[in-house]
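Coordinates from protein_11.pdb are shown below (PDB, C-alpha atoms and all ligand atoms).
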MODEL        1
ATOM      1  CA  MET F  69      96.891 125.909  95.346  1.00  0.00           C
ATOM      2  CA  LYS F  70      99.646 128.485  94.806  1.00  0.00           C
ATOM      3  CA  THR F  71     101.619 130.025  97.597  1.00  0.00           C
ATOM      4  CA  ALA F  72     103.080 133.495  97.383  1.00  0.00           C
ATOM      5  CA  PRO F  73     106.619 133.349  95.865  1.00  0.00           C
ATOM      6  CA  ILE F  74     108.222 135.102  98.805  1.00  0.00           C
ATOM      7  CA  GLN F  75     106.930 132.360 101.139  1.00  0.00           C
ATOM      8  CA  ILE F  76     108.203 129.644  98.845  1.00  0.00           C
ATOM      9  CA  LEU F  77     111.667 131.188  98.831  1.00  0.00           C
ATOM     10  CA  SER F  78     111.744 131.268 102.585  1.00  0.00           C
ATOM     11  CA  ILE F  79     110.649 127.677 103.129  1.00  0.00           C
ATOM     12  CA  CYS F  80     112.116 125.887 100.130  1.00  0.00           C
ATOM     13  CA  VAL F  81     114.759 123.486 101.380  1.00  0.00           C
ATOM     14  CA  CYS F  82     116.942 122.083  98.668  1.00  0.00           C
ATOM     15  CA  LEU F  83     117.550 118.393  99.374  1.00  0.00           C
ATOM     16  CA  VAL F  84     119.229 117.797  96.045  1.00  0.00           C
ATOM     17  CA  LEU F  85     120.838 120.883  94.547  1.00  0.00           C
ATOM     18  CA  LEU F  86     119.871 120.001  90.987  1.00  0.00           C
ATOM     19  CA  GLY F  87     116.217 120.308  91.832  1.00  0.00           C
ATOM     20  CA  CYS F  88     116.237 123.934  92.872  1.00  0.00           C
ATOM     21  CA  GLY F  89     116.547 127.251  91.150  1.00  0.00           C
ATOM     22  CA  GLY F  90     115.128 126.050  87.855  1.00  0.00           C
ATOM     23  CA  SER F  91     112.975 127.880  85.397  1.00  0.00           C
ATOM     24  CA  GLY F  92     109.770 125.894  85.780  1.00  0.00           C
ATOM     25  CA  GLY F  93     106.386 127.268  86.726  1.00  0.00           C
ATOM     26  CA  ASN F  94     107.735 127.997  90.165  1.00  0.00           C
ATOM     27  CA  ALA F  95     110.656 130.399  90.428  1.00  0.00           C
ATOM     28  CA  ALA F  96     112.091 128.663  93.482  1.00  0.00           C
ATOM     29  CA  CYS F  97     111.589 125.041  92.486  1.00  0.00           C
ATOM     30  CA  ALA F  98     111.745 123.657  88.967  1.00  0.00           C
ATOM     31  CA  ASP F  99     110.146 120.295  89.658  1.00  0.00           C
ATOM     32  CA  CYS F 100     108.091 119.270  92.691  1.00  0.00           C
ATOM     33  CA  LEU F 101     107.590 121.523  95.677  1.00  0.00           C
ATOM     34  CA  ILE F 102     106.092 119.272  98.347  1.00  0.00           C
ATOM     35  CA  ALA F 103     105.527 120.450 101.916  1.00  0.00           C
ATOM     36  CA  GLY F 104     108.156 123.136 101.468  1.00  0.00           C
ATOM     37  CA  VAL F 105     110.787 120.781 100.041  1.00  0.00           C
ATOM     38  CA  CYS F 106     111.907 120.947  96.434  1.00  0.00           C
ATOM     39  CA  TYR F 107     112.489 117.556  94.770  1.00  0.00           C
ATOM     40  CA  PRO F 108     113.927 116.951  91.297  1.00  0.00           C
ATOM     41  CA  ALA F 109     111.853 115.004  88.790  1.00  0.00           C
ATOM     42  CA  GLY F 110     112.292 111.255  89.154  1.00  0.00           C
ATOM     43  CA  VAL F 111     113.195 111.324  92.847  1.00  0.00           C
ATOM     44  CA  THR F 112     111.178 108.921  94.970  1.00  0.00           C
ATOM     45  CA  ASN F 113     109.464 109.829  98.216  1.00  0.00           C
ATOM     46  CA  PRO F 114     111.941 109.005 101.034  1.00  0.00           C
ATOM     47  CA  ALA F 115     109.023 107.561 103.021  1.00  0.00           C
ATOM     48  CA  ASN F 116     107.389 105.570 100.190  1.00  0.00           C
ATOM     49  CA  SER F 117     109.305 104.217  97.209  1.00  0.00           C
ATOM     50  CA  CYS F 118     106.024 103.900  95.260  1.00  0.00           C
ATOM     51  CA  LEU F 119     105.652 107.669  95.046  1.00  0.00           C
ATOM     52  CA  VAL F 120     107.775 109.775  92.710  1.00  0.00           C
ATOM     53  CA  CYS F 121     108.220 113.424  91.762  1.00  0.00           C
ATOM     54  CA  ASP F 122     106.605 113.768  88.337  1.00  0.00           C
ATOM     55  CA  PRO F 123     106.071 117.501  87.677  1.00  0.00           C
ATOM     56  CA  ALA F 124     104.046 116.756  84.541  1.00  0.00           C
ATOM     57  CA  SER F 125     101.548 114.927  86.693  1.00  0.00           C
ATOM     58  CA  ASP F 126     101.718 116.938  89.914  1.00  0.00           C
ATOM     59  CA  ALA F 127     104.222 119.694  90.690  1.00  0.00           C
ATOM     60  CA  ALA F 128     102.927 120.137  94.224  1.00  0.00           C
ATOM     61  CA  GLY F 129     102.661 116.529  95.406  1.00  0.00           C
ATOM     62  CA  TRP F 130     103.861 112.970  94.896  1.00  0.00           C
ATOM     63  CA  SER F 131     102.689 110.935  91.930  1.00  0.00           C
ATOM     64  CA  ASP F 132     102.034 107.181  91.897  1.00  0.00           C
ATOM     65  CA  ASP F 133     104.922 105.185  90.438  1.00  0.00           C
ATOM     66  CA  ASP F 134     102.871 102.107  89.603  1.00  0.00           C
ATOM     67  CA  GLY F 135     104.534  99.028  88.181  1.00  0.00           C
ATOM     68  CA  GLN F 136     107.854  99.639  89.952  1.00  0.00           C
ATOM     69  CA  ALA F 137     109.348  96.729  91.872  1.00  0.00           C
ATOM     70  CA  CYS F 138     109.380  97.440  95.603  1.00  0.00           C
ATOM     71  CA  ASP F 139     109.645  95.706  98.951  1.00  0.00           C
ATOM     72  CA  ASP F 140     106.710  95.792 101.356  1.00  0.00           C
ATOM     73  CA  GLY F 141     108.874  94.271 104.090  1.00  0.00           C
ATOM     74  CA  LEU F 142     106.529  91.339 104.580  1.00  0.00           C
ATOM     75  CA  PHE F 143     107.670  87.709 104.504  1.00  0.00           C
ATOM     76  CA  CYS F 144     104.266  86.420 103.432  1.00  0.00           C
ATOM     77  CA  THR F 145     104.100  88.351 100.176  1.00  0.00           C
ATOM     78  CA  VAL F 146     106.200  87.909  97.041  1.00  0.00           C
ATOM     79  CA  GLN F 147     106.622  89.713  93.723  1.00  0.00           C
ATOM     80  CA  ASP F 148     106.031  93.075  95.388  1.00  0.00           C
ATOM     81  CA  ALA F 149     105.140  95.895  93.027  1.00  0.00           C
ATOM     82  CA  CYS F 150     103.746  99.404  93.298  1.00  0.00           C
ATOM     83  CA  SER F 151     100.003  99.696  92.738  1.00  0.00           C
ATOM     84  CA  GLY F 152      97.960 102.807  93.444  1.00  0.00           C
ATOM     85  CA  GLY F 153     101.018 104.382  95.071  1.00  0.00           C
ATOM     86  CA  GLU F 154     101.379 101.513  97.544  1.00  0.00           C
ATOM     87  CA  CYS F 155     103.697  98.537  97.633  1.00  0.00           C
ATOM     88  CA  ARG F 156     101.712  95.323  97.435  1.00  0.00           C
ATOM     89  CA  GLY F 157     102.687  91.711  96.921  1.00  0.00           C
ATOM     90  CA  GLN F 158     101.111  88.411  96.007  1.00  0.00           C
ATOM     91  CA  PRO F 159     100.477  85.917  98.828  1.00  0.00           C
ATOM     92  CA  ARG F 160     103.424  83.570  99.392  1.00  0.00           C
ATOM     93  CA  ASP F 161     102.665  79.953  98.493  1.00  0.00           C
ATOM     94  CA  CYS F 162     103.841  77.910 101.471  1.00  0.00           C
ATOM     95  CA  SER F 163     102.564  74.582 100.145  1.00  0.00           C
ATOM     96  CA  ASP F 164     105.160  71.809 100.278  1.00  0.00           C
ATOM     97  CA  GLY F 165     103.326  69.728  97.675  1.00  0.00           C
ATOM     98  CA  ILE F 166     102.455  67.023 100.210  1.00  0.00           C
ATOM     99  CA  ALA F 167      98.711  66.613 100.813  1.00  0.00           C
ATOM    100  CA  CYS F 168      98.597  64.226 103.780  1.00  0.00           C
ATOM    101  CA  ASN F 169     100.565  66.546 106.077  1.00  0.00           C
ATOM    102  CA  GLY F 170      97.896  69.234 105.674  1.00  0.00           C
ATOM    103  CA  ALA F 171      97.956  72.701 104.175  1.00  0.00           C
ATOM    104  CA  GLU F 172     100.877  74.861 105.227  1.00  0.00           C
ATOM    105  CA  THR F 173     100.186  78.468 106.124  1.00  0.00           C
ATOM    106  CA  CYS F 174     102.343  81.550 106.197  1.00  0.00           C
ATOM    107  CA  ASP F 175     103.210  82.925 109.637  1.00  0.00           C
ATOM    108  CA  GLU F 176     104.111  86.588 109.203  1.00  0.00           C
ATOM    109  CA  ALA F 177     105.079  87.043 112.871  1.00  0.00           C
ATOM    110  CA  ALA F 178     107.522  84.141 112.676  1.00  0.00           C
ATOM    111  CA  GLY F 179     108.724  85.082 109.203  1.00  0.00           C
ATOM    112  CA  ALA F 180     108.293  81.480 108.104  1.00  0.00           C
ATOM    113  CA  CYS F 181     105.910  78.962 106.634  1.00  0.00           C
ATOM    114  CA  ALA F 182     104.059  76.995 109.313  1.00  0.00           C
ATOM    115  CA  PRO F 183     103.257  73.278 109.061  1.00  0.00           C
ATOM    116  CA  GLY F 184      99.692  72.132 108.412  1.00  0.00           C
ATOM    117  CA  GLN F 185      97.552  69.623 110.305  1.00  0.00           C
ATOM    118  CA  PRO F 186      98.152  66.049 109.099  1.00  0.00           C
ATOM    119  CA  THR F 187      95.013  64.489 107.640  1.00  0.00           C
ATOM    120  CA  CYS F 188      95.686  60.808 108.423  1.00  0.00           C
ATOM    121  CA  GLN F 189      93.531  59.202 111.129  1.00  0.00           C
ATOM    122  CA  ALA F 190      95.588  58.225 114.204  1.00  0.00           C
ATOM    123  CA  PRO F 191      97.439  55.993 114.646  1.00  0.00           C
ATOM    124  CA  ALA F 192      98.217  56.238 110.942  1.00  0.00           C
ATOM    125  CA  LEU F 193     101.009  58.586 109.954  1.00  0.00           C
ATOM    126  CA  CYS F 194     101.417  60.754 106.899  1.00  0.00           C
ATOM    127  CA  ASP F 195     104.307  59.398 104.865  1.00  0.00           C
ATOM    128  CA  ALA F 196     105.934  62.454 103.337  1.00  0.00           C
ATOM    129  CA  ALA F 197     107.782  60.521 100.647  1.00  0.00           C
ATOM    130  CA  SER F 198     104.750  58.725  99.191  1.00  0.00           C
ATOM    131  CA  ASP F 199     102.114  61.287 100.300  1.00  0.00           C
ATOM    132  CA  SER F 200      99.958  58.531 101.779  1.00  0.00           C
ATOM    133  CA  CYS F 201      98.819  57.339 105.207  1.00  0.00           C
ATOM    134  CA  VAL F 202     100.964  54.519 106.607  1.00  0.00           C
ATOM    135  CA  MET F 203     100.992  52.471 109.796  1.00  0.00           C
ATOM    136  CA  THR F 204     104.758  52.105 110.178  1.00  0.00           C
ATOM    137  CA  CYS F 205     107.669  54.455 109.735  1.00  0.00           C
ATOM    138  CA  THR F 206     111.310  53.492 109.404  1.00  0.00           C
ATOM    139  CA  GLY F 207     112.588  57.068 109.390  1.00  0.00           C
ATOM    140  CA  CYS F 208     111.618  59.960 111.642  1.00  0.00           C
ATOM    141  CA  VAL F 209     108.147  60.625 113.038  1.00  0.00           C
ATOM    142  CA  ILE F 210     107.769  64.368 113.444  1.00  0.00           C
ATOM    143  CA  GLY F 211     104.336  65.796 114.214  1.00  0.00           C
ATOM    144  CA  ALA F 212     102.497  62.662 112.960  1.00  0.00           C
ATOM    145  CA  VAL F 213     104.416  62.820 109.697  1.00  0.00           C
ATOM    146  CA  CYS F 214     106.876  60.121 108.659  1.00  0.00           C
ATOM    147  CA  TYR F 215     110.042  61.271 106.949  1.00  0.00           C
ATOM    148  CA  GLY F 216     112.480  58.863 105.340  1.00  0.00           C
ATOM    149  CA  GLN F 217     116.125  58.814 106.346  1.00  0.00           C
ATOM    150  CA  GLY F 218     117.896  61.778 104.774  1.00  0.00           C
ATOM    151  CA  GLN F 219     114.657  63.401 103.657  1.00  0.00           C
ATOM    152  CA  PRO F 220     114.855  67.191 104.126  1.00  0.00           C
ATOM    153  CA  ASN F 221     112.430  69.162 106.258  1.00  0.00           C
ATOM    154  CA  PRO F 222     109.953  70.579 103.681  1.00  0.00           C
ATOM    155  CA  LEU F 223     109.921  73.856 105.592  1.00  0.00           C
ATOM    156  CA  ASN F 224     113.670  74.073 106.195  1.00  0.00           C
ATOM    157  CA  VAL F 225     116.091  72.584 103.683  1.00  0.00           C
ATOM    158  CA  CYS F 226     118.876  72.963 106.253  1.00  0.00           C
ATOM    159  CA  GLU F 227     117.362  70.117 108.307  1.00  0.00           C
ATOM    160  CA  LYS F 228     116.895  66.469 107.428  1.00  0.00           C
ATOM    161  CA  CYS F 229     115.661  63.258 108.995  1.00  0.00           C
ATOM    162  CA  ASP F 230     118.453  61.383 110.757  1.00  0.00           C
ATOM    163  CA  PRO F 231     116.956  58.514 112.811  1.00  0.00           C
ATOM    164  CA  ALA F 232     120.310  57.912 114.515  1.00  0.00           C
ATOM    165  CA  ALA F 233     120.463  61.434 115.879  1.00  0.00           C
TER     166      ALA F 233
HETATM  167 CA    CA E 301     101.282  70.108 102.707  1.00  0.00          CA
ENDMDL
END
Transcribe the structure of this file into structure tokens.
Ligand SMILES: [Ca+2]
Amino acid sequence: MKTAPIQILSICVCLVLLGCGGSGGNAACADCLIAGVCYPAGVTNPANSCLVCDPASDAAGWSDDDGQACDDGLFCTVQDACSGGECRGQPRDCSDGIACNGAETCDEAAGACAPGQPTCQAPALCDAASDSCVMTCTGCVIGAVCYGQGQPNPLNVCEKCDPAA
């Protein structure tokens, strides 16, 4: 839908000088005139990095910038990319590779992977090193899982088992 040129002149706000006063189809805005603001081609939407000014596609609105890397701000997604004008990621794999301590899940609120429910029948413990159920543990018993001395926390490499501590 076209707006009368005199209105465009009065409401066109030039965010980036290069984008205004061109000789495109619109006398006041060479590239994209969106909600009264003139944007140069290639500029991304300040509110959504997956939308771009592409006058060849749409001179009066944002165009999808699919395939671009982006950041959806979520911990539980990885490899974020633009798709359909939105930033989407693949689910984060929280698995620690150990079966007997259960399946880890991703906790978006905590911004961390959360431990699973150990599968060994009490009083047996899940031995993290051998991934098997054991009756005795010489290291650290944490949440029904046995960790050997010096073994790192699968969910936090900055922590380790220290039975003396
Ligand atoms: Ca596991």
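CA of Ala233 (chain F) lies 13.7 Å from CA of Thr206 (chain F).
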Residues within 8 Å of ligand CA 301 (chain E), counting only C-alpha atoms and all ligand atoms, as an NGL selection string: :F and (163-172 or 183-184)
In Å, with one decimal, what is the gap from CA of Ile210 (chain F) to CA of Ala178 (chain F)? 19.8 Å
Per-residue nearest contacts region 144-210 of chain F to region 116-135 of chain F, cut-off 8 Å, using all atoms listed in the file, as JSON lines:
{"residue": "F:Ala149", "atom": "CA", "partner": "F:Gly135", "partner_atom": "CA", "distance": 5.8}
{"residue": "F:Cys150", "atom": "CA", "partner": "F:Asp134", "partner_atom": "CA", "distance": 4.7}
{"residue": "F:Ser151", "atom": "CA", "partner": "F:Asp134", "partner_atom": "CA", "distance": 4.9}
{"residue": "F:Gly152", "atom": "CA", "partner": "F:Asp132", "partner_atom": "CA", "distance": 6.2}
{"residue": "F:Gly153", "atom": "CA", "partner": "F:Asp132", "partner_atom": "CA", "distance": 4.4}
{"residue": "F:Glu154", "atom": "CA", "partner": "F:Cys118", "partner_atom": "CA", "distance": 5.7}
{"residue": "F:Cys155", "atom": "CA", "partner": "F:Cys118", "partner_atom": "CA", "distance": 6.3}
As a check of understanding: the span from CA of Thr112 (chain F) to CA of Gly141 (chain F) is 17.4 Å
Can you tell me which residues surround Val146 (chain F) at a distance of at most 7 Å, considering all atoms listed in the file, apart from same-chain residues fewer than 2 positions away, and format the answer as a list in words? Cys144, Asp148, Gly157, Gln158, Pro159 and Arg160 of chain F
Determine the residue membership of the PyMOL selection byres (((chain F and resi 182) around 8) and not hetatm) for the file above and supply it as number ranges by chain. F: 162, 172-175, 180-181, 183-184, 223
Written file, previous selection with C-alpha atoms, as a PDB file, in the frame of the given file:
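Below is the file that was written, selection34.pdb:
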ATOM      1  CA  CYS F 162     103.841  77.910 101.471  1.00  0.00           C
ATOM      2  CA  GLU F 172     100.877  74.861 105.227  1.00  0.00           C
ATOM      3  CA  THR F 173     100.186  78.468 106.124  1.00  0.00           C
ATOM      4  CA  CYS F 174     102.343  81.550 106.197  1.00  0.00           C
ATOM      5  CA  ASP F 175     103.210  82.925 109.637  1.00  0.00           C
ATOM      6  CA  ALA F 180     108.293  81.480 108.104  1.00  0.00           C
ATOM      7  CA  CYS F 181     105.910  78.962 106.634  1.00  0.00           C
ATOM      8  CA  PRO F 183     103.257  73.278 109.061  1.00  0.00           C
ATOM      9  CA  GLY F 184      99.692  72.132 108.412  1.00  0.00           C
ATOM     10  CA  LEU F 223     109.921  73.856 105.592  1.00  0.00           C
TER      11      LEU F 223
END
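Considering the residues F:Val213, F:Ala109, F:Leu101, F:Ala177 and counting all atoms listed in the file, Leu193 (chain F) has its shortest atom-to-atom contact with F:Val213.
The smallest atom-to-atom distance between Ala137 (chain F) and any of F:Gln217, F:Asp199, F:Val105, F:Arg156, using only C-alpha atoms, is found for F:Arg156.
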Which centre and edge lengths in Å to one decimal define the box along x, y and z that fits every listed atom of region 157-164 of chain F plus 3 Å per side, as JSON?
{"center_x": 102.8, "center_y": 81.8, "center_z": 98.7, "size_x": 10.7, "size_y": 25.9, "size_z": 11.5}
Tell me which protein, DNA and RNA residues are within 9 Å of region 188-190 of chain F, counting all atoms listed in the file, leaving out same-chain ones fewer than 2 positions away, and put them as a ChimeraX atom specification. /F:168-169,186,192-194,200-202,212
Is there a way to complete region 107-124 of chain F with N, CA and C atoms and then write that out as a PDB file, in the coordinates of the input?
ATOM      1  N   TYR F 107     111.916 118.831  95.226  1.00  0.00           N
ATOM      2  CA  TYR F 107     112.489 117.556  94.770  1.00  0.00           C
ATOM      3  C   TYR F 107     112.636 117.576  93.254  1.00  0.00           C
ATOM      4  N   PRO F 108     113.758 117.059  92.747  1.00  0.00           N
ATOM      5  CA  PRO F 108     113.927 116.951  91.297  1.00  0.00           C
ATOM      6  C   PRO F 108     113.022 115.864  90.715  1.00  0.00           C
ATOM      7  N   ALA F 109     112.663 116.013  89.461  1.00  0.00           N
ATOM      8  CA  ALA F 109     111.853 115.004  88.790  1.00  0.00           C
ATOM      9  C   ALA F 109     112.535 113.642  88.864  1.00  0.00           C
ATOM     10  N   GLY F 110     111.762 112.614  89.125  1.00  0.00           N
ATOM     11  CA  GLY F 110     112.292 111.255  89.154  1.00  0.00           C
ATOM     12  C   GLY F 110     112.721 110.792  90.526  1.00  0.00           C
ATOM     13  N   VAL F 111     112.802 111.713  91.482  1.00  0.00           N
ATOM     14  CA  VAL F 111     113.195 111.324  92.847  1.00  0.00           C
ATOM     15  C   VAL F 111     111.999 110.681  93.540  1.00  0.00           C
ATOM     16  N   THR F 112     112.255 109.601  94.269  1.00  0.00           N
ATOM     17  CA  THR F 112     111.178 108.921  94.970  1.00  0.00           C
ATOM     18  C   THR F 112     110.998 109.516  96.363  1.00  0.00           C
ATOM     19  N   ASN F 113     109.798 109.376  96.867  1.00  0.00           N
ATOM     20  CA  ASN F 113     109.464 109.829  98.216  1.00  0.00           C
ATOM     21  C   ASN F 113     110.316 109.036  99.216  1.00  0.00           C
ATOM     22  N   PRO F 114     111.089 109.731 100.071  1.00  0.00           N
ATOM     23  CA  PRO F 114     111.941 109.005 101.034  1.00  0.00           C
ATOM     24  C   PRO F 114     111.131 108.084 101.943  1.00  0.00           C
ATOM     25  N   ALA F 115     109.843 108.363 102.120  1.00  0.00           N
ATOM     26  CA  ALA F 115     109.023 107.561 103.021  1.00  0.00           C
ATOM     27  C   ALA F 115     108.206 106.499 102.296  1.00  0.00           C
ATOM     28  N   ASN F 116     108.214 106.523 100.945  1.00  0.00           N
ATOM     29  CA  ASN F 116     107.389 105.570 100.190  1.00  0.00           C
ATOM     30  C   ASN F 116     107.952 105.465  98.777  1.00  0.00           C
ATOM     31  N   SER F 117     108.623 104.357  98.498  1.00  0.00           N
ATOM     32  CA  SER F 117     109.305 104.217  97.209  1.00  0.00           C
ATOM     33  C   SER F 117     108.336 104.080  96.048  1.00  0.00           C
ATOM     34  N   CYS F 118     107.028 104.001  96.328  1.00  0.00           N
ATOM     35  CA  CYS F 118     106.024 103.900  95.260  1.00  0.00           C
ATOM     36  C   CYS F 118     105.492 105.265  94.839  1.00  0.00           C
ATOM     37  N   LEU F 119     106.053 106.316  95.422  1.00  0.00           N
ATOM     38  CA  LEU F 119     105.652 107.669  95.046  1.00  0.00           C
ATOM     39  C   LEU F 119     106.869 108.389  94.486  1.00  0.00           C
ATOM     40  N   VAL F 120     106.662 109.141  93.394  1.00  0.00           N
ATOM     41  CA  VAL F 120     107.775 109.775  92.710  1.00  0.00           C
ATOM     42  C   VAL F 120     107.416 111.226  92.393  1.00  0.00           C
ATOM     43  N   CYS F 121     108.443 112.058  92.248  1.00  0.00           N
ATOM     44  CA  CYS F 121     108.220 113.424  91.762  1.00  0.00           C
ATOM     45  C   CYS F 121     108.064 113.373  90.256  1.00  0.00           C
ATOM     46  N   ASP F 122     106.889 113.709  89.777  1.00  0.00           N
ATOM     47  CA  ASP F 122     106.605 113.768  88.337  1.00  0.00           C
ATOM     48  C   ASP F 122     105.890 115.089  88.074  1.00  0.00           C
ATOM     49  N   PRO F 123     106.666 116.156  87.795  1.00  0.00           N
ATOM     50  CA  PRO F 123     106.071 117.501  87.677  1.00  0.00           C
ATOM     51  C   PRO F 123     104.978 117.569  86.621  1.00  0.00           C
ATOM     52  N   ALA F 124     105.071 116.729  85.588  1.00  0.00           N
ATOM     53  CA  ALA F 124     104.046 116.756  84.541  1.00  0.00           C
ATOM     54  C   ALA F 124     102.707 116.287  85.082  1.00  0.00           C
TER      55      ALA F 124
END
